[in-house]
Amino acid sequence: SSRRRHTRYISVTGVQTCALPIYPSTIYTVIRGDTLWKIAARDLETRDTRATTDAISRRWKGIYEGNRAVIGDDPNLIYPGQQYDLGGE
């Protein structure tokens, strides 16, 4: 499925205005064999973003922080059937 890209403009007093791409929220259901790293890499590819090691590292940590209430204290313990909001980051 294709994702529509929206742009949000932000402005802060004394700072130049910039445009940030905003993506619709996506709910992802964990399947057997998934890791946050794999989910992050696929998510970046879906967003047409270069999935470098650094980008994947930042993305999986963001997914974890955004879904910590579902995942719990250990990001290495994720389970099939859990649903994560991949957000519009």
# chains A, B, ... in the order shown; residues from 1 in each chain; ligands from 1
>>> residues_around(residues="range 38-47 of chain A", least_positions_apart="3", cutoff="7 Å", atoms="only C-alpha atoms", output="ChimeraX atom specification")
/A:34-35,50-51,56,59-60
>>> residues_around(residues="Arg68 in chain A", least_positions_apart="5", cutoff="12 Å", atoms="only C-alpha atoms", output="JSON, numbers by chain")
{"A": [36, 60, 61, 62, 63, 73, 74, 75, 76, 77, 78, 82, 83, 84, 85, 86]}
>>> atom_distance(atom1="CA of Thr53 in chain A", atom2="CA of Tyr28 in chain A")
21.2 Å
>>> residues_around(residues="Gly33 in chain A", least_positions_apart="3", cutoff="9 Å", atoms="only C-alpha atoms", output="ChimeraX atom specification")
/A:30,79-80
>>> write_last_selection(atoms="C-alpha atoms", output="CSV table (one decimal), in the first residue's frame")
chain,number,residue,atom,x,y,z
A,30,VAL,CA,4.4,-8.0,15.1
A,79,TYR,CA,5.8,-10.8,20.8
A,80,PRO,CA,3.7,-11.8,17.8
>>> closest_residue(among="A:Gly81, A:Gly72, A:Thr49, A:Ala55", to="Ile27 in chain A", atoms="only C-alpha atoms")
A:Gly81
